[in-house]
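Notes follow the structure.
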Amino acid sequence: MRKIAIIGAGESGAQLALGLQRDGFAVTLLSDRSAAQIRTGKVMSSQCMFPTALDAEAQMGTALTGFYESGSVPGITSIRLRVDADEPIEWEAPLDGPARSIDQRIKSALWIETFVAAGGDFRIEKVTPRMLEELAHDYELVIVSTGKGEIGQIFPRDKAKSPFDRPQRVLALNYVTPDGGAAAGSSAAGTGGGGDAIRMSMVPGVGEFFTFPGLTVSGPCRMMVFEGVVGGPMDRWTDVGTPEEQLERSLGILREHFPHEAENFSGAELTDDGATLLGRITPTVRSAVGELGNGKLVFGLGDAVVLNDPLTGQGSNNATLAAKYYLDAIVRRGRQPFDRSWMERTFDEFWRGWGQWAVEWTNDLLKPRRDHQKTLLSEAADHPALAASIVSGFDDPRTSYPWWFDSAAAADFMQARKEEDTSVFDVRDFRSALGQYATGVTVVTTVAADGRKVGLTANSFTSVSMEPPLVLWCPSKRAPSLGDFEDATHFAINILASDQHVLSRQFATPATDKFAGAETTEGIAGVPLLNGAVATFQCRTVSRHDAGDHVIYVGEVESYKHDGGAPLVFHAGKYHATASHPDF
Ligand SMILES: Cc1cc2nc3c(=O)[nH]c(=O)nc-3n(C[C@H](O)[C@H](O)[C@H](O)COP(=O)(O)OP(=O)(O)OC[C@H]3O[C@@H](n4cnc5c(N)ncnc54)[C@H](O)[C@@H]3O)c2cc1C
């Protein structure tokens, strides 16, 4: 049994420990606090988990489904955004699925107790660099998931990925009674008026306030998060002594800068003695490999190596997804050593597949809005499909690329979303209905005229004819690589294996080098073929057919191979693995 030590039993460490325990690893979990101390301690976060991260929890077996099923954790189904400007902007758009916030004091404590109940080795230790050396000597892999804890300093700061060298916001967090003391029927009261929405208000140059419902140690609650621009009018917490003073100062800030919210919290009371938090965070990405005095290596996870400002609520989501990436990589490693190159590859996979998008999007939102972003936000008030796309970034920040960052891409994107408003059907709903058809996942590759490797994820692949051997796939007319496919004589369909979900995400997201880390072999006409695919079809384009907003590409198969193995399956917007039907 492989021996793994995990330091820190928070969002990432506790979930990874449980996932590894379930997969038969001998895990030692070390935490500076017991489950009881965590439960009765101070709040740490507002931890709103969006659907993609909730799905990762479910896959790791760490979802606290009992709370969801009992209805004690409200499902947050939309985001309502308000921006103070000459012409104030206000709109609300649905999330792709419900988001949920369970106090980390409940989650971490329960995860630790579950780990211990299943026979896990749990130790209460505040781990020091010296102890790390001993652990790294005794264990095959030591993972440091200590969040903002000091010990994370052993991982060198990655300057290229960390554009800020100081905090951009001053944070204050309060957990208050569920209706914020507001009168029944008002927007904070939980019914109508967006009660189950994240309400986010932005005042340029001043800061942001957001609020949403959740579950805390004393029952239902509402979180109030203040993000004040450093040195700005909301940066006034230093003289606050007690939690009650913090609440009072919070209400004053609401009255002054977010008056539309003030009334909703007029009777707010703190939920418990630990219901407040103050702080400031320098967004920092670190190298995930830490070298100790004795030459041994430790591997960083979660906030210890990818620390975001909470403005976009990505931290816990990021930590959960990182835990899932690491879990999969550890299981795939078999008996091979957890050496430096494995650590670097594993982190890089997570960074390219998820982390970088969460970080860059969050860092961008900390800066003043650029003109095209102001236009996106204001146009969203009249165009629900555009508003829904902006909101999707909270669940999956990759979807904000490239249009959030680039003015030309923003104009194109806005046009496409506006067209959706006049579509015959509600496009999201139509897409969901089509998503009921389970498919495999392919990456279609070609080589551009200038020799660049080109690839994109597609599930529109279909076999067409046996004689001649024809297949088809359908790229969108808006696909940035469409011109490259038009110029090329050949393309290849690479049918992904179950363990290639990382590649599926990678090729579905714009990047300067989508092939980074992907092993390829050169095929006909120089087309790159992805190693490890369950089947590959090398095709010569024989016809293209105009089909609405897509093009149908028909290719004659000139060569194919199939190595077998489990394919990756896509159904209802999620990845699946195949299993034999129990009836057959
Ligand atoms: C005000 C605020 C609001 C936030 N809101 C959101 C939100 O809405 N959505 C979201 O996704 N994220 C949010 N976050 C971020 C989120 O809380 C973190 O990103 C997430 O908890 C990171 O998980 P982690 O596993 O890396 O670290 P943590 O969850 O912080 O866990 C680290 C654990 O390590 C322990 N530890 C530390 N040092 C040691 C040591 N030396 N030895 C042993 N144990 C140690 C700590 O006690 C802790 O239990 C928010 C953060 C703040 C501050």
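The chains in the structure tokens are called A, B, ... from first to last as shown; in each chain the residues are counted from 1, and the ligands are counted from 1 in the order shown.
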- Item | Surroundings of ligand 1 up to 7 Å, based on only C-alpha atoms and all ligand atoms, as an MDAnalysis selection string | chainID A and resid 7:13 30:33 44:49 125:128 145:151 171:173 225 277 279 301:304 307:308 310 313:319
Mind dumping the selected residues with N, CA and C atoms as a compact mmCIF listing (two decimals), in the first residue's frame?
# COMPACT_ATOMS: atom_id res chain seq x y z
N ILE A 7 -0.76 17.37 4.61
CA ILE A 7 -0.73 18.36 5.69
C ILE A 7 -1.81 19.40 5.41
N GLY A 8 -2.77 19.52 6.34
CA GLY A 8 -3.86 20.48 6.16
C GLY A 8 -5.13 19.75 5.76
N ALA A 9 -6.17 19.86 6.62
CA ALA A 9 -7.42 19.13 6.36
C ALA A 9 -8.52 20.11 5.96
N GLY A 10 -8.21 21.03 5.07
CA GLY A 10 -9.21 21.99 4.60
C GLY A 10 -9.86 21.50 3.32
N GLU A 11 -10.29 22.46 2.52
CA GLU A 11 -11.05 22.15 1.31
C GLU A 11 -10.33 21.13 0.42
N SER A 12 -9.06 21.34 0.15
CA SER A 12 -8.38 20.44 -0.78
C SER A 12 -7.82 19.20 -0.08
N GLY A 13 -7.13 19.41 1.07
CA GLY A 13 -6.42 18.30 1.71
C GLY A 13 -7.37 17.22 2.21
N LEU A 30 -2.66 15.29 8.49
CA LEU A 30 -2.23 16.10 9.64
C LEU A 30 -2.90 17.45 9.60
N SER A 31 -3.40 17.89 10.75
CA SER A 31 -4.08 19.18 10.80
C SER A 31 -3.68 19.89 12.08
N ASP A 32 -3.58 21.22 12.02
CA ASP A 32 -3.22 21.95 13.24
C ASP A 32 -4.39 22.03 14.21
N ARG A 33 -5.58 21.60 13.75
CA ARG A 33 -6.75 21.65 14.64
C ARG A 33 -7.57 20.37 14.53
N MET A 44 -13.89 30.76 7.86
CA MET A 44 -12.66 30.88 7.08
C MET A 44 -12.93 31.41 5.68
N SER A 45 -14.20 31.34 5.26
CA SER A 45 -14.47 31.58 3.84
C SER A 45 -15.97 31.72 3.64
N SER A 46 -16.36 32.13 2.44
CA SER A 46 -17.80 32.06 2.14
C SER A 46 -18.09 30.87 1.21
N GLN A 47 -17.00 30.24 0.69
CA GLN A 47 -17.03 28.93 0.01
C GLN A 47 -18.27 28.61 -0.82
N CYS A 48 -18.64 29.49 -1.74
CA CYS A 48 -19.77 29.15 -2.61
C CYS A 48 -19.28 28.21 -3.70
N MET A 49 -19.82 27.00 -3.73
CA MET A 49 -19.34 25.99 -4.67
C MET A 49 -20.26 25.94 -5.89
N GLU A 125 -1.31 18.11 14.54
CA GLU A 125 0.06 18.64 14.62
C GLU A 125 0.11 19.94 13.84
N LYS A 126 0.75 20.94 14.37
CA LYS A 126 1.05 22.12 13.55
C LYS A 126 2.41 21.81 12.91
N VAL A 127 2.38 21.41 11.67
CA VAL A 127 3.60 20.90 11.02
C VAL A 127 4.59 22.05 10.77
N THR A 128 5.85 21.79 11.14
CA THR A 128 6.92 22.78 10.95
C THR A 128 7.80 22.31 9.78
N SER A 145 -1.17 21.07 1.86
CA SER A 145 -2.42 21.77 1.50
C SER A 145 -2.83 22.62 2.69
N THR A 146 -1.93 23.51 3.08
CA THR A 146 -2.12 24.29 4.31
C THR A 146 -2.71 25.66 4.03
N GLY A 147 -3.30 25.85 2.88
CA GLY A 147 -3.97 27.12 2.57
C GLY A 147 -3.01 28.29 2.68
N LYS A 148 -3.50 29.31 3.43
CA LYS A 148 -2.67 30.52 3.57
C LYS A 148 -1.64 30.34 4.70
N GLY A 149 -1.57 29.13 5.28
CA GLY A 149 -0.63 28.86 6.39
C GLY A 149 0.81 29.16 5.96
N GLU A 150 1.61 29.59 6.97
CA GLU A 150 2.97 30.05 6.71
C GLU A 150 3.86 29.03 6.02
N ILE A 151 3.58 27.76 6.30
CA ILE A 151 4.48 26.73 5.80
C ILE A 151 4.49 26.67 4.26
N LEU A 171 -10.56 42.59 2.89
CA LEU A 171 -11.72 41.70 2.96
C LEU A 171 -12.38 41.74 4.33
N ALA A 172 -13.69 41.66 4.32
CA ALA A 172 -14.42 41.43 5.57
C ALA A 172 -15.54 40.46 5.27
N LEU A 173 -15.72 39.53 6.18
CA LEU A 173 -16.74 38.49 5.98
C LEU A 173 -17.58 38.40 7.25
N VAL A 225 -20.00 39.54 2.15
CA VAL A 225 -18.56 39.66 1.84
C VAL A 225 -18.28 41.06 1.30
N LEU A 277 -14.65 37.58 9.93
CA LEU A 277 -13.26 37.43 9.49
C LEU A 277 -12.81 38.71 8.80
N GLY A 279 -9.29 40.37 6.60
CA GLY A 279 -8.00 39.99 6.04
C GLY A 279 -7.70 40.69 4.74
N LEU A 301 -0.65 21.93 -2.90
CA LEU A 301 -2.02 21.77 -3.41
C LEU A 301 -2.90 22.91 -2.88
N GLY A 302 -3.83 23.36 -3.68
CA GLY A 302 -4.83 24.35 -3.22
C GLY A 302 -4.20 25.73 -3.04
N ASP A 303 -4.74 26.48 -2.07
CA ASP A 303 -4.28 27.85 -1.83
C ASP A 303 -2.78 27.93 -1.53
N ALA A 304 -2.19 26.85 -1.03
CA ALA A 304 -0.76 26.87 -0.70
C ALA A 304 0.05 27.26 -1.94
N LEU A 307 -3.17 30.94 -4.87
CA LEU A 307 -3.97 31.74 -3.94
C LEU A 307 -4.63 32.90 -4.68
N ASN A 308 -5.96 32.90 -4.68
CA ASN A 308 -6.72 33.95 -5.37
C ASN A 308 -7.36 34.90 -4.36
N PRO A 310 -10.71 36.47 -3.03
CA PRO A 310 -12.04 35.84 -3.07
C PRO A 310 -13.08 36.52 -3.96
N GLY A 313 -14.94 34.24 -6.02
CA GLY A 313 -15.35 33.00 -5.34
C GLY A 313 -14.77 31.76 -5.99
N GLN A 314 -13.50 31.82 -6.40
CA GLN A 314 -12.92 30.67 -7.09
C GLN A 314 -12.11 29.74 -6.17
N GLY A 315 -11.65 30.24 -5.01
CA GLY A 315 -10.66 29.50 -4.21
C GLY A 315 -11.05 28.08 -3.84
N SER A 316 -12.22 27.90 -3.23
CA SER A 316 -12.62 26.55 -2.81
C SER A 316 -12.91 25.67 -4.02
N ASN A 317 -13.45 26.31 -5.05
CA ASN A 317 -13.73 25.57 -6.29
C ASN A 317 -12.42 25.07 -6.90
N ASN A 318 -11.45 26.00 -6.94
CA ASN A 318 -10.13 25.69 -7.46
C ASN A 318 -9.46 24.57 -6.64
N ALA A 319 -9.56 24.71 -5.30
CA ALA A 319 -8.93 23.73 -4.40
C ALA A 319 -9.56 22.34 -4.60
- Item | DSSP-assigned strand (DSSP E) among range 153-294 of chain A, expressed as a PyMOL selection string | chain A and resi 169-176+197-203+207-216+219-229+276-280+284-285+289-291
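Using only C-alpha atoms, the shortest contact distance between Arg80 in chain A and any of A:Ser201, A:Gln21, A:Thr40, A:Thr62 is found at A:Ser201.
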- Item | Contacts of Leu365 in chain A at 8 Å (only C-alpha atoms; same-chain gap of 3+ positions) as a list in words |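 Surrounding residues, per the criterion: Leu311, Thr312, Trp361, Thr362, Pro368 and Arg369 of chain A.
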- Compare A:Arg199, A:Gly66, A:Gly355, A:Ala160 by their minimum atom-to-atom distance to Leu321 in chain A, counting only C-alpha atoms, and give me the closest one.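 Distance minimum relative to Leu321 in chain A lands on A:Gly355.
Summary of the local environment: counting only C-alpha atoms, residues at most 9 Å from Thr216 in chain A, other than itself and those fewer than 4 positions away along its chain, are Ser101, Ile102, Asp103, Gln104, Arg105, Ile106, Tyr175, Pro220, Cys221, Arg222 and Thr271 of chain A.
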- Item | Pick from A:Ala433, A:Ile330, A:Ile495, A:Ile524, whichever lies nearest to Glu140 in chain A using only C-alpha atoms |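 Using only C-alpha atoms, Glu140 in chain A sits closest to A:Ile330.
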- Message: What's around Ser250 in chain A at 10 Å? Count only C-alpha atoms, leave out sequence neighbours fewer than 3 positions away in its own chain, and write the answer as an MDAnalysis selection string.
- Response: chainID A and resid 172:174 224:226 234 236:237 244:247 253:256 262 265
Resulting file, chosen residues, C-alpha atoms, as a CSV table (one decimal), in the first residue's frame:
chain,number,residue,atom,x,y,z
A,172,ALA,CA,-14.4,41.4,5.6
A,173,LEU,CA,-16.7,38.5,6.0
A,174,ASN,CA,-19.8,38.2,8.2
A,224,MET,CA,-21.9,39.2,3.6
A,225,VAL,CA,-18.6,39.7,1.8
A,226,PHE,CA,-16.9,43.1,1.5
A,234,MET,CA,-14.1,50.8,2.4
A,236,ARG,CA,-11.6,51.0,7.3
A,237,TRP,CA,-11.4,48.0,9.5
A,244,GLU,CA,-20.2,43.2,16.9
A,245,GLU,CA,-18.2,46.3,15.9
A,246,GLN,CA,-17.4,44.6,12.6
A,247,LEU,CA,-21.1,44.1,11.9
A,253,ILE,CA,-20.5,50.7,4.7
A,254,LEU,CA,-23.6,49.3,3.2
A,255,ARG,CA,-25.6,52.5,4.0
A,256,GLU,CA,-22.8,54.6,2.5
A,262,ALA,CA,-28.6,48.4,3.5
A,265,PHE,CA,-29.6,43.8,6.6
- What is the CA of Leu251 in chain A-CA of Gly267 in chain A distance in Å, reported with one decimal?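 Rounded to one decimal, the two atoms are 9.8 Å apart.
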- Shell around Ile493 in chain A at 10 Å using only C-alpha atoms, local window under 6 positions removed, as a list in words: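 So the residues in contact are Val441, Thr442, Val443, Val444, Thr445, Thr446, Gly455, Thr457, Ala458, Phe461, Val471, Leu472, Trp473, Leu529, Leu530, Ala533, Ala535, Thr536, Phe537, Gln538, Cys539, Gly555, Val557 and Tyr560 of chain A.
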